[in-house]
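S.K.: This one is work28.txt, compact mmCIF, C-alpha atoms.
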# COMPACT_ATOMS: atom_id res chain seq x y z
CA MET B 11 46.28 -8.34 8.82
CA SER B 12 49.61 -6.55 8.96
CA GLY B 13 50.85 -4.08 6.46
CA GLN B 14 49.00 -1.26 4.89
CA ARG B 15 45.67 -2.04 3.38
CA ARG B 16 44.43 0.97 1.58
CA VAL B 17 40.98 -0.12 0.55
CA LEU B 18 38.46 -1.36 3.02
CA ASP B 19 36.14 -3.75 1.21
CA ASP B 20 32.58 -2.55 0.77
CA ASP B 21 30.95 -5.45 2.59
CA THR B 22 32.93 -4.74 5.73
CA LEU B 23 32.18 -1.05 5.49
CA GLN B 24 28.43 -1.72 5.21
CA ALA B 25 28.56 -4.20 8.07
CA TRP B 26 30.27 -1.50 10.15
CA VAL B 27 27.55 1.01 9.21
CA ASP B 28 24.91 -1.49 10.30
CA GLY B 29 26.77 -2.44 13.46
CA ARG B 30 26.83 -6.07 12.43
CA LEU B 31 30.45 -6.85 13.19
CA ASP B 32 31.41 -8.39 16.47
CA PRO B 33 32.48 -5.71 18.94
CA ALA B 34 36.22 -6.22 18.64
CA ARG B 35 36.14 -6.12 14.88
CA GLN B 36 33.73 -3.22 14.90
CA ALA B 37 36.26 -1.18 16.90
CA LYS B 38 39.13 -2.23 14.71
CA ILE B 39 37.36 -1.29 11.51
CA GLU B 40 36.32 1.99 13.06
CA ALA B 41 39.94 2.79 13.77
CA ARG B 42 40.83 2.05 10.21
CA ILE B 43 38.02 4.20 8.87
CA GLU B 44 39.16 7.10 10.99
CA GLN B 45 42.58 7.05 9.45
CA ASP B 46 41.13 7.96 6.10
CA PRO B 47 39.29 11.28 6.25
CA ALA B 48 37.42 10.81 2.99
CA LEU B 49 36.33 7.34 3.95
CA ALA B 50 35.42 8.57 7.42
CA ALA B 51 33.23 11.28 5.93
CA ARG B 52 31.49 8.78 3.69
CA ALA B 53 30.96 6.27 6.49
CA ALA B 54 29.60 8.99 8.76
CA ALA B 55 27.18 10.06 6.04
CA TYR B 56 25.90 6.49 5.67
CA ARG B 57 25.29 6.31 9.39
CA ARG B 58 23.62 9.68 9.45
CA HIS B 59 21.31 8.68 6.62
CA ARG B 60 20.51 5.43 8.36
CA ARG B 61 19.38 7.39 11.40
CA ALA B 62 17.47 9.80 9.17
CA LEU B 63 15.46 6.90 7.74
CA HIS B 64 14.17 6.24 11.22
CA GLN B 65 13.47 9.90 11.84
CA ALA B 66 11.54 10.04 8.61
CA PHE B 67 9.45 6.92 8.95
CA ASP B 68 9.25 5.77 12.55
CA GLY B 69 6.30 8.07 13.01
CA VAL B 70 4.26 5.60 10.96
CA LEU B 71 4.65 3.02 13.74
CA ALA B 72 2.71 5.23 16.11
CA GLU B 73 -0.11 6.00 13.69
CA PRO B 74 -3.40 4.27 14.43
CA ILE B 75 -3.98 1.40 12.04
CA PRO B 76 -6.63 2.44 9.53
CA ASP B 77 -9.80 0.41 9.61
CA ARG B 78 -9.25 -0.99 6.17
CA LEU B 79 -6.10 -2.72 7.41
CA ARG B 80 -7.60 -4.35 10.44
CA VAL B 81 -7.53 -8.11 10.26
CA ALA B 82 -8.86 -8.84 13.69
CA PRO B 83 -12.10 -7.63 15.16
CA PRO B 84 -11.16 -5.01 17.71
CA ARG B 85 -13.41 -5.94 20.58
CA PRO B 86 -15.39 -9.15 20.53
CA ARG B 87 -12.87 -11.82 19.70
CA ARG B 88 -15.53 -14.10 18.35
CA ARG B 89 -15.11 -14.55 14.67
CA ALA B 90 -18.12 -16.57 13.61
CA ALA B 91 -20.60 -14.09 14.99
CA LEU B 92 -19.53 -11.65 12.35
CA ALA B 93 -20.25 -13.88 9.40
CA ALA B 94 -22.81 -11.67 7.81
CA GLY B 95 -21.38 -8.64 6.13
CA VAL B 96 -24.32 -6.78 7.50
CA ALA B 97 -22.99 -7.23 10.99
CA SER B 98 -20.16 -4.90 10.19
CA PHE B 99 -22.36 -2.03 9.15
CA GLY B 100 -22.88 -0.91 12.68
CA LEU B 101 -19.16 -0.50 12.91
CA GLY B 102 -19.05 1.39 9.67
CA ILE B 103 -16.07 0.20 7.78
CA ALA B 104 -14.82 -2.90 9.41
CA LEU B 105 -12.89 -5.20 7.19
CA GLY B 106 -11.20 -8.46 7.10
CA TRP B 107 -13.29 -10.46 9.45
CA PHE B 108 -12.66 -14.00 8.74
CA LEU B 109 -14.44 -17.12 9.69
CA ALA B 110 -13.29 -20.35 11.08
CA LEU B 111 -14.76 -22.61 8.44
CA GLY B 112 -13.91 -26.27 8.49
CA SER B 113 -10.29 -26.76 9.37
CA GLY B 114 -8.64 -23.44 8.80
CA PRO B 115 -9.47 -19.80 8.68
CA VAL B 116 -10.92 -18.58 5.44
CA PRO B 117 -10.57 -14.94 4.60
CA LEU B 118 -13.94 -13.38 4.24
CA ALA B 119 -12.59 -10.18 2.86
CA THR B 120 -10.44 -10.53 -0.18
CA ALA B 121 -9.54 -7.37 -1.87
CA ALA B 122 -10.43 -5.92 -5.12
CA PRO B 123 -8.20 -2.89 -4.61
CA ARG B 124 -8.69 -1.76 -8.19
CA LEU B 125 -12.42 -1.56 -7.74
CA PRO B 126 -12.54 1.69 -5.77
CA GLN B 127 -9.99 3.23 -8.09
CA GLU B 128 -12.05 2.33 -11.13
CA ALA B 129 -15.23 3.55 -9.52
CA ALA B 130 -13.62 6.81 -8.42
CA LEU B 131 -12.14 7.39 -11.84
CA ALA B 132 -15.44 6.65 -13.59
CA TYR B 133 -17.14 9.03 -11.22
CA ALA B 134 -14.58 11.74 -11.82
CA VAL B 135 -14.91 11.39 -15.58
CA TYR B 136 -18.69 11.14 -15.95
CA ALA B 137 -20.20 12.98 -13.00
CA PRO B 138 -19.17 16.46 -14.22
CA GLU B 139 -20.63 15.79 -17.69
CA ALA B 140 -23.37 18.32 -18.29
CA ARG B 141 -24.81 16.89 -21.49
CA HIS B 142 -23.80 13.23 -21.62
CA PRO B 143 -23.39 11.86 -18.11
CA VAL B 144 -24.95 8.54 -19.13
CA MET B 145 -25.13 6.45 -22.28
CA VAL B 146 -28.76 5.45 -21.84
CA GLY B 147 -31.15 7.62 -19.88
CA ALA B 148 -33.62 6.57 -17.19
CA ALA B 149 -36.48 7.19 -19.63
CA GLU B 150 -35.45 3.95 -21.28
CA LYS B 151 -34.91 2.08 -18.07
CA ALA B 152 -36.15 -1.30 -19.27
CA GLU B 153 -33.86 -1.18 -22.26
CA LEU B 154 -30.99 0.03 -20.07
CA MET B 155 -31.34 -2.80 -17.56
CA HIS B 156 -31.70 -5.41 -20.24
CA TRP B 157 -28.66 -4.17 -22.09
CA LEU B 158 -26.35 -3.89 -19.07
CA SER B 159 -27.54 -7.20 -17.62
CA ARG B 160 -26.78 -8.91 -20.91
CA ARG B 161 -23.34 -7.35 -21.18
CA LEU B 162 -22.38 -8.21 -17.60
CA GLY B 163 -23.97 -11.63 -17.76
CA HIS B 164 -25.75 -10.89 -14.53
CA THR B 165 -29.25 -9.64 -13.84
CA LEU B 166 -28.81 -6.11 -12.62
CA GLN B 167 -31.10 -3.78 -10.79
CA ALA B 168 -30.68 -0.06 -10.39
CA PRO B 169 -31.34 0.63 -6.72
CA ASP B 170 -34.01 3.14 -5.82
CA LEU B 171 -32.39 6.00 -3.91
CA SER B 172 -35.34 8.40 -3.94
CA ALA B 173 -35.58 8.10 -0.16
CA TYR B 174 -32.27 9.97 -0.07
CA GLY B 175 -33.35 12.49 -2.67
CA TYR B 176 -31.40 10.92 -5.51
CA HIS B 177 -33.01 9.94 -8.78
CA LEU B 178 -31.68 7.68 -11.48
CA MET B 179 -30.39 9.57 -14.51
CA GLY B 180 -29.39 6.48 -16.44
CA GLY B 181 -26.49 4.15 -16.92
CA SER B 182 -23.39 3.40 -18.94
CA LEU B 183 -21.29 0.45 -19.95
CA LEU B 184 -17.63 0.97 -19.03
CA PRO B 185 -14.45 -1.05 -19.29
CA GLY B 186 -13.48 -2.44 -15.89
CA SER B 187 -10.23 -4.20 -15.17
CA ALA B 188 -11.97 -7.57 -14.93
CA GLY B 189 -14.44 -7.04 -17.75
CA PRO B 190 -17.45 -4.88 -18.49
CA ALA B 191 -18.73 -2.61 -15.75
CA ALA B 192 -22.09 -0.92 -15.34
CA GLN B 193 -22.36 2.55 -13.91
CA PHE B 194 -25.64 4.01 -12.74
CA MET B 195 -25.73 7.76 -12.22
CA TYR B 196 -28.02 9.48 -9.73
CA GLN B 197 -28.66 13.15 -9.11
CA ASN B 198 -30.44 15.09 -6.37
CA ALA B 199 -32.27 18.39 -6.46
CA ALA B 200 -29.02 20.26 -5.78
CA ARG B 201 -27.56 18.59 -8.90
CA ARG B 202 -25.18 16.64 -6.77
CA ARG B 203 -24.36 13.27 -8.27
CA ILE B 204 -23.46 9.85 -7.03
CA THR B 205 -22.78 6.64 -8.90
CA VAL B 206 -23.34 2.96 -8.32
CA TYR B 207 -20.68 0.94 -10.08
CA ILE B 208 -21.08 -2.79 -10.65
CA THR B 209 -18.62 -5.21 -12.19
CA TRP B 210 -17.07 -8.62 -11.83
CA PRO B 211 -14.48 -8.96 -9.12
CA ARG B 212 -10.99 -9.70 -10.33
CA ARG B 213 -10.86 -12.74 -8.11
CA PRO B 214 -13.62 -15.28 -7.63
CA VAL B 215 -14.78 -14.01 -4.29
CA GLN B 216 -18.33 -14.41 -3.06
CA ARG B 217 -18.49 -11.77 -0.43
CA THR B 218 -16.45 -9.20 1.42
CA ALA B 219 -17.16 -6.77 4.17
CA PHE B 220 -17.87 -3.14 3.48
CA ARG B 221 -14.90 -0.94 2.83
CA PHE B 222 -14.25 2.65 2.32
CA VAL B 223 -11.57 4.68 0.60
CA ARG B 224 -11.15 8.22 -0.56
CA ARG B 225 -9.55 8.57 -3.97
CA ASP B 226 -8.71 11.97 -5.41
CA GLY B 227 -11.46 13.61 -3.45
CA VAL B 228 -14.06 10.99 -4.34
CA GLU B 229 -15.48 8.97 -1.47
CA VAL B 230 -16.04 5.32 -2.33
CA PHE B 231 -17.73 2.52 -0.42
CA TYR B 232 -17.21 -0.88 -1.96
CA TRP B 233 -17.86 -4.53 -1.35
CA ILE B 234 -18.36 -7.85 -3.04
CA ASP B 235 -21.60 -9.73 -2.60
CA GLY B 236 -23.10 -12.68 -4.41
CA GLY B 237 -19.97 -12.85 -6.53
CA MET B 238 -20.35 -9.32 -7.93
CA ALA B 239 -18.34 -6.24 -7.03
CA TYR B 240 -20.11 -3.02 -6.08
CA ALA B 241 -19.00 0.50 -5.40
CA VAL B 242 -20.90 3.64 -4.46
CA ALA B 243 -19.01 6.82 -5.25
CA GLY B 244 -19.59 10.49 -4.70
CA ARG B 245 -18.16 13.75 -3.51
CA LEU B 246 -20.23 13.91 -0.41
CA ASP B 247 -20.07 13.58 3.28
CA ARG B 248 -18.88 10.15 4.29
CA ALA B 249 -21.68 9.43 6.76
CA ALA B 250 -24.31 10.43 4.20
CA LEU B 251 -22.70 8.27 1.55
CA LEU B 252 -22.50 5.36 3.97
CA ARG B 253 -26.24 5.50 4.53
CA ILE B 254 -26.83 5.41 0.81
CA ALA B 255 -24.31 2.61 0.32
CA GLU B 256 -26.03 0.56 2.98
CA SER B 257 -29.31 1.02 1.20
CA VAL B 258 -27.73 -0.03 -2.10
CA TYR B 259 -26.33 -3.08 -0.37
CA ARG B 260 -29.71 -4.04 1.06
CA GLN B 261 -31.46 -3.57 -2.25
CA LEU B 262 -28.96 -5.51 -4.30
CA ARG B 263 -28.01 -8.30 -1.91
CA GLY B 264 -27.26 -11.50 -3.69
CA MET V 3 -3.68 -18.50 12.38
CA ASP V 4 -4.30 -15.95 14.96
CA ALA V 5 -5.28 -12.67 13.40
CA ALA V 6 -3.65 -10.90 16.30
CA ALA V 7 -0.28 -12.41 15.34
CA LEU V 8 -0.68 -10.90 11.92
CA GLU V 9 -1.89 -7.59 13.22
CA ALA V 10 1.20 -7.18 15.36
CA HIS V 11 3.24 -6.79 12.18
CA ILE V 12 1.05 -4.17 10.56
CA PRO V 13 2.85 -1.09 11.90
CA ARG V 14 6.18 -2.20 10.51
CA LEU V 15 4.68 -3.29 7.21
CA ARG V 16 3.18 0.16 6.97
CA ARG V 17 6.43 1.88 7.80
CA TYR V 18 8.28 -0.06 5.13
CA ALA V 19 5.54 0.43 2.56
CA ARG V 20 5.47 4.17 3.26
CA ALA V 21 9.18 4.45 2.73
CA LEU V 22 9.00 2.28 -0.36
CA ALA V 23 6.00 3.81 -2.07
CA GLY V 24 6.11 7.41 -0.85
CA ASP V 25 2.38 8.01 -1.29
CA PRO V 26 0.60 7.01 1.93
CA ASP V 27 -2.52 5.76 0.13
CA ARG V 28 -0.59 3.54 -2.20
CA ALA V 29 1.52 2.35 0.69
CA ASP V 30 -1.57 1.25 2.59
CA ASP V 31 -2.93 -0.38 -0.56
CA LEU V 32 0.24 -2.42 -0.63
CA VAL V 33 -0.17 -3.35 3.03
CA GLN V 34 -3.80 -4.28 2.45
CA ASP V 35 -2.89 -6.50 -0.50
CA THR V 36 -0.15 -8.08 1.57
CA LEU V 37 -2.48 -8.88 4.45
CA GLU V 38 -5.07 -10.34 2.15
CA ARG V 39 -2.53 -12.49 0.43
CA ALA V 40 -1.22 -13.59 3.80
CA LEU V 41 -4.70 -14.63 4.88
CA ARG V 42 -5.24 -16.59 1.71
CA LYS V 43 -1.83 -18.20 1.63
CA PHE V 44 -1.44 -18.76 5.29
CA SER V 45 -1.27 -22.52 4.81
CA LEU V 46 1.96 -21.95 2.89
CA TRP V 47 3.69 -20.29 5.78
CA ARG V 48 5.98 -22.71 7.56
CA ARG V 49 5.04 -22.66 11.19
CA GLY V 50 7.98 -21.68 13.31
CA SER V 51 9.65 -19.70 10.55
CA ASP V 52 9.86 -15.95 10.76
CA LEU V 53 6.37 -14.56 10.14
CA ARG V 54 7.63 -11.03 9.68
CA ALA V 55 10.14 -12.05 7.01
CA TRP V 56 7.41 -14.02 5.24
CA LEU V 57 5.08 -11.01 5.23
CA PHE V 58 7.81 -8.81 3.83
CA THR V 59 8.43 -11.42 1.14
CA LEU V 60 4.77 -11.27 0.14
CA MET V 61 4.93 -7.50 0.08
CA HIS V 62 8.04 -7.48 -2.05
CA ASN V 63 6.44 -9.81 -4.60
CA LEU V 64 3.31 -7.68 -4.76
CA TYR V 65 5.37 -4.54 -5.12
CA VAL V 66 7.37 -6.00 -7.99
CA ASN V 67 4.24 -7.22 -9.75
CA GLN V 68 2.52 -3.91 -9.36
CA ARG V 69 5.46 -2.01 -10.69
CA ARG V 70 5.60 -4.34 -13.65
CA ALA V 71 1.90 -4.16 -14.36
CA GLU V 72 1.06 -0.63 -13.60
CA ARG V 73 1.62 3.03 -13.98
CA PRO V 74 4.92 4.77 -14.30
CA MET V 75 6.37 6.11 -11.08
CA LEU V 76 4.34 8.79 -9.48
CA GLU V 77 5.74 12.21 -9.23
CA TRP V 78 7.17 12.84 -5.82
CA ASN V 79 4.77 14.98 -3.88
CA GLU V 80 5.84 17.21 -1.04
CA ALA V 81 2.58 16.37 0.69
CA TYR V 82 3.82 12.84 1.22
CA LEU V 83 6.48 14.03 3.58
CA ALA V 84 5.76 12.77 7.02
CA PRO V 85 5.97 15.43 9.67
CA VAL V 86 9.03 14.89 11.79
CA ALA V 87 9.98 16.27 15.14
CA ALA V 88 13.56 17.38 15.00
CA THR V 89 15.71 20.44 14.80
CA GLN V 90 15.28 22.46 11.68
CA GLU V 91 18.54 21.26 10.25
CA GLU V 92 17.64 17.66 10.88
CA GLN V 93 14.25 18.28 9.36
CA LEU V 94 15.83 19.53 6.19
CA MET V 95 18.04 16.50 6.02
CA VAL V 96 15.14 14.15 6.58
CA ARG V 97 13.21 15.84 3.81
CA ASP V 98 16.14 15.63 1.46
CA LEU V 99 16.48 11.99 2.34
CA GLN V 100 12.84 11.22 1.63
CA ARG V 101 13.13 12.92 -1.71
CA ALA V 102 16.40 11.20 -2.58
CA LEU V 103 14.95 7.87 -1.54
CA GLN V 104 12.11 8.17 -4.03
CA GLN V 105 14.60 8.87 -6.79
CA LEU V 106 16.58 5.78 -6.00
CA PRO V 107 15.86 2.86 -8.34
CA PRO V 108 13.43 0.56 -6.51
CA GLU V 109 15.77 -2.42 -6.33
CA PHE V 110 18.27 -0.28 -4.43
CA ARG V 111 15.61 1.37 -2.33
CA GLU V 112 14.31 -1.99 -1.16
CA VAL V 113 17.71 -3.17 0.04
CA VAL V 114 18.55 0.11 1.73
CA LEU V 115 15.22 0.04 3.57
CA LEU V 116 15.12 -3.62 4.53
CA VAL V 117 18.57 -3.37 6.06
CA GLY V 118 18.74 0.23 7.21
CA LEU V 119 15.18 0.80 8.37
CA GLU V 120 13.76 -2.64 9.08
CA ASP V 121 16.97 -4.11 10.46
CA PHE V 122 16.78 -7.37 8.59
CA SER V 123 20.05 -9.26 8.40
CA TYR V 124 21.75 -9.43 5.02
CA ALA V 125 20.72 -13.07 4.73
CA GLN V 126 17.09 -12.26 5.56
CA ALA V 127 17.05 -9.42 3.06
CA ALA V 128 18.42 -11.81 0.43
CA ALA V 129 15.68 -14.34 1.20
CA ILE V 130 12.94 -11.71 1.13
CA LEU V 131 14.08 -10.33 -2.20
CA GLY V 132 14.96 -13.71 -3.67
CA ILE V 133 18.47 -12.64 -4.62
CA PRO V 134 21.95 -13.83 -3.54
CA ARG V 135 23.51 -12.29 -0.49
CA GLY V 136 26.31 -10.86 -2.62
CA THR V 137 23.73 -8.95 -4.64
CA VAL V 138 22.24 -7.57 -1.45
CA MET V 139 25.68 -6.32 -0.42
CA SER V 140 26.45 -4.68 -3.72
CA ARG V 141 23.01 -3.05 -3.93
CA LEU V 142 23.34 -1.86 -0.37
CA SER V 143 26.72 -0.37 -1.02
CA ARG V 144 25.70 1.26 -4.28
CA GLY V 145 22.31 2.31 -2.96
CA ARG V 146 23.78 4.09 0.03
CA GLU V 147 26.35 5.78 -2.13
CA LYS V 148 23.67 6.94 -4.58
CA LEU V 149 21.70 8.33 -1.67
CA ARG V 150 24.71 10.13 -0.32
CA ARG V 151 25.48 11.68 -3.68
CA ALA V 152 21.89 12.75 -4.14
CA MET V 153 21.92 14.27 -0.68
CA GLU V 154 25.18 16.05 -0.91
CA GLY V 155 25.04 17.09 -4.51
CA GLU V 156 27.02 15.30 -7.14
CA LEU V 157 30.43 14.70 -5.61
CA PRO V 158 33.55 13.94 -7.56
CA PRO V 159 34.73 10.36 -7.09
CA THR V 160 37.41 11.16 -4.58
CA GLU V 161 37.70 8.56 -1.88
CA LYS V 162 39.62 5.95 -3.74
CA GLY V 163 43.34 5.82 -4.48
CA ARG V 164 44.58 8.46 -2.18
How does this structure look as C-alpha cells?

M.R.:
Amino acid sequence: MSGQRRVLDDDTLQAWVDGRLDPARQAKIEARIEQDPALAARAAAYRRHRRALHQAFDGVLAEPIPDRLRVAPPRPRRRAALAAGVASFGLGIALGWFLALGSGPVPLATAAPRLPQEAALAYAVYAPEARHPVMVGAAEKAELMHWLSRRLGHTLQAPDLSAYGYHLMGGSLLPGSAGPAAQFMYQNAARRRITVYITWPRRPVQRTAFRFVRRDGVEVFYWIDGGMAYAVAGRLDRAALLRIAESVYRQLRG
Amino acid sequence: MDAAALEAHIPRLRRYARALAGDPDRADDLVQDTLERALRKFSLWRRGSDLRAWLFTLMHNLYVNQRRAERPMLEWNEAYLAPVAATQEEQLMVRDLQRALQQLPPEFREVVLLVGLEDFSYAQAAAILGIPRGTVMSRLSRGREKLRRAMEGELPPTEKGR
C-alpha cells in the first residue's frame, strides 16, 4: 500500500460512493480521493446524484397503492368468500383476489395488460368515425352476430344497453394481440359512444376480477370471464361507465 | 403465500419501476405484471430466500422481454416528473437527473438504480440481472459517469493521468 498510486480502481471508487467499504477503508479511500481534486469532484457528483435519485423517486413510496395493484383484500382477510368476481363489484375495482384452492393459492386474477390498451386504441380509432364507425350495422344484426361468432370461435351476444340510453350501432372484426377481436359500438342520443370489445385472452385464464384503467383519455373496464376477455371503453364518467360495464358483465357471463 | 408479504414489497417495486420506465402508467403496468407472475410462479420461489430480490428478478425479466417485444422508447415527457420538495436548485438537479436517467441505456439504468436507489448489494444486483458481478461493476461505473456527463454537459476527459 505504500508508494504513490495514481489511479484508484473503479470498483473501489464505486464501493466508496455506495458506502460499502468497511469504515477504516472507507476513511482511507476518502483521504485518497481528496488528494485529487478532479477525482474528488467526480466522486462528489456521484454521491450527489445518488442522493438525487432518492429525492426524485422516494415520493413513490408514500403514494397510496392503486387498486389495480392490490393483491390482498384490504379489509376482510377471508379469501374464499370473494370467489365470485361479482363480489368485487361492490368495491368497484378490486383486483387480484385469489383463492385457496387445493394445496396452494391460485391467482384468480391473471392479467391481460394488453387488453385495455387494445380496447382503448380501437375505441380511439373507430369512435370518432362519422361515416364508418362499424363494419356491419345493427340493421343486419343476425348476420353480424353470426359472422363475429364464427370468426372468434365463440358464440357472441351484443349486450342490450338501452337501459342506459345506448343503442347498438353495429360491430367490427379487429386484429387483437391474441387473435381476432370483436368490437360492438353503441351510441346515445347525445352521440356519445362506447364500445364493448371481446377477444381471446393471451393466456388461458378462465376468470379475473374487474379492473379499470385510463388510457389516453379513454376509460376502460376489463375482465376475463368464461375464458373470454372483455373490455368496455368510453370517454365518459368512470362511475357511469362502471354501471354499464357491470350490466355488460351480467348479460354476457359465461 | 401470504398476500400481505407480497404487498409489503409493492411500494419499492413501484419506486424502481417508476425510475426505470419514466411513465407512471407503464411503470404500474410493469408492477402489475410482476405481481401476477409472482402469484403464478410462487411455487418456484425458494422459501427463506430473499423475496424482494426474487420480485425484482421477475420485474427485470419482464422489462427485458417487453423492451424486446414492444415499442421503441417513449419520448420523455415532462409530465412524468414527480413533484419533489426541495430547494429550487435541488429541484432543478433532480429534474435534470430524471431526464438524464431516461436517456441512459436501459442496461446501465438498471444497475445504477438497483444499487443507488434500491440499495441492493453488487452480488444481489448481479443475481437479479443474471450477469457477472464484474459486469455490474463496470456498468455501474460507466452508468454513473454517463449520468454525470449528461448532467454537467459534455466534459472533456480530464481526470486521468494528471

S.K.: Between CA of Ile234 in chain B and CA of Gln216 in chain B, what is the spacing in Å?

M.R.: 6.6 Å

S.K.: Which one of V:Pro13, V:Gly24, V:Pro134, V:Gly118 sits closest to Arg146 in chain V if you count only C-alpha atoms?

M.R.: V:Gly118

S.K.: Find the spatial neighbours of Gly29 in chain B, counting all atoms listed in the file, within a cut-off of 10 Å - ignore same-chain residues fewer than 6 positions away - and output them as a VMD selection string.

M.R.: chain B and resid 23 36 57

S.K.: Hey, can you check how far CA of Gln104 in chain V sits from CA of Pro26 in chain V?

M.R.: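 That distance, rounded to one decimal, is 13.0 Å.
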
S.K.: Using Å and a single decimal, report how far CA of Asn198 in chain B sits from CA of Tyr176 in chain B.

M.R.: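 It comes out at 4.4 Å.
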
S.K.: For range 143-154 of chain V, which lacks atoms in the input, supply N, CA, C and O atoms and format the output as a compact mmCIF listing (two decimals), in the frame of the given file.

M.R.:
# COMPACT_ATOMS: atom_id res chain seq x y z
N SER V 143 25.58 -1.27 -0.89
CA SER V 143 26.72 -0.37 -1.02
C SER V 143 26.45 0.71 -2.07
O SER V 143 26.64 1.91 -1.84
N ARG V 144 25.96 0.29 -3.22
CA ARG V 144 25.70 1.26 -4.28
C ARG V 144 24.50 2.14 -3.95
O ARG V 144 24.49 3.33 -4.24
N GLY V 145 23.50 1.54 -3.32
CA GLY V 145 22.31 2.31 -2.96
C GLY V 145 22.66 3.41 -1.96
O GLY V 145 22.21 4.55 -2.11
N ARG V 146 23.42 3.07 -0.96
CA ARG V 146 23.78 4.09 0.03
C ARG V 146 24.64 5.18 -0.59
O ARG V 146 24.52 6.35 -0.24
N GLU V 147 25.50 4.78 -1.49
CA GLU V 147 26.35 5.78 -2.13
C GLU V 147 25.52 6.70 -3.04
O GLU V 147 25.70 7.91 -3.07
N LYS V 148 24.56 6.12 -3.74
CA LYS V 148 23.67 6.94 -4.58
C LYS V 148 22.90 7.94 -3.72
O LYS V 148 22.74 9.10 -4.09
N LEU V 149 22.43 7.45 -2.59
CA LEU V 149 21.70 8.33 -1.67
C LEU V 149 22.60 9.47 -1.22
O LEU V 149 22.19 10.63 -1.20
N ARG V 150 23.79 9.12 -0.84
CA ARG V 150 24.71 10.13 -0.32
C ARG V 150 24.98 11.19 -1.39
O ARG V 150 24.96 12.39 -1.13
N ARG V 151 25.20 10.73 -2.61
CA ARG V 151 25.48 11.68 -3.68
C ARG V 151 24.27 12.56 -3.95
O ARG V 151 24.40 13.76 -4.19
N ALA V 152 23.11 11.96 -3.92
CA ALA V 152 21.89 12.75 -4.14
C ALA V 152 21.72 13.78 -3.03
O ALA V 152 21.28 14.90 -3.27
N MET V 153 22.09 13.38 -1.82
CA MET V 153 21.92 14.27 -0.68
C MET V 153 22.93 15.39 -0.65
O MET V 153 22.65 16.49 -0.20
N GLU V 154 24.11 15.08 -1.08
CA GLU V 154 25.18 16.05 -0.91
C GLU V 154 25.56 16.71 -2.22
O GLU V 154 26.62 17.30 -2.35
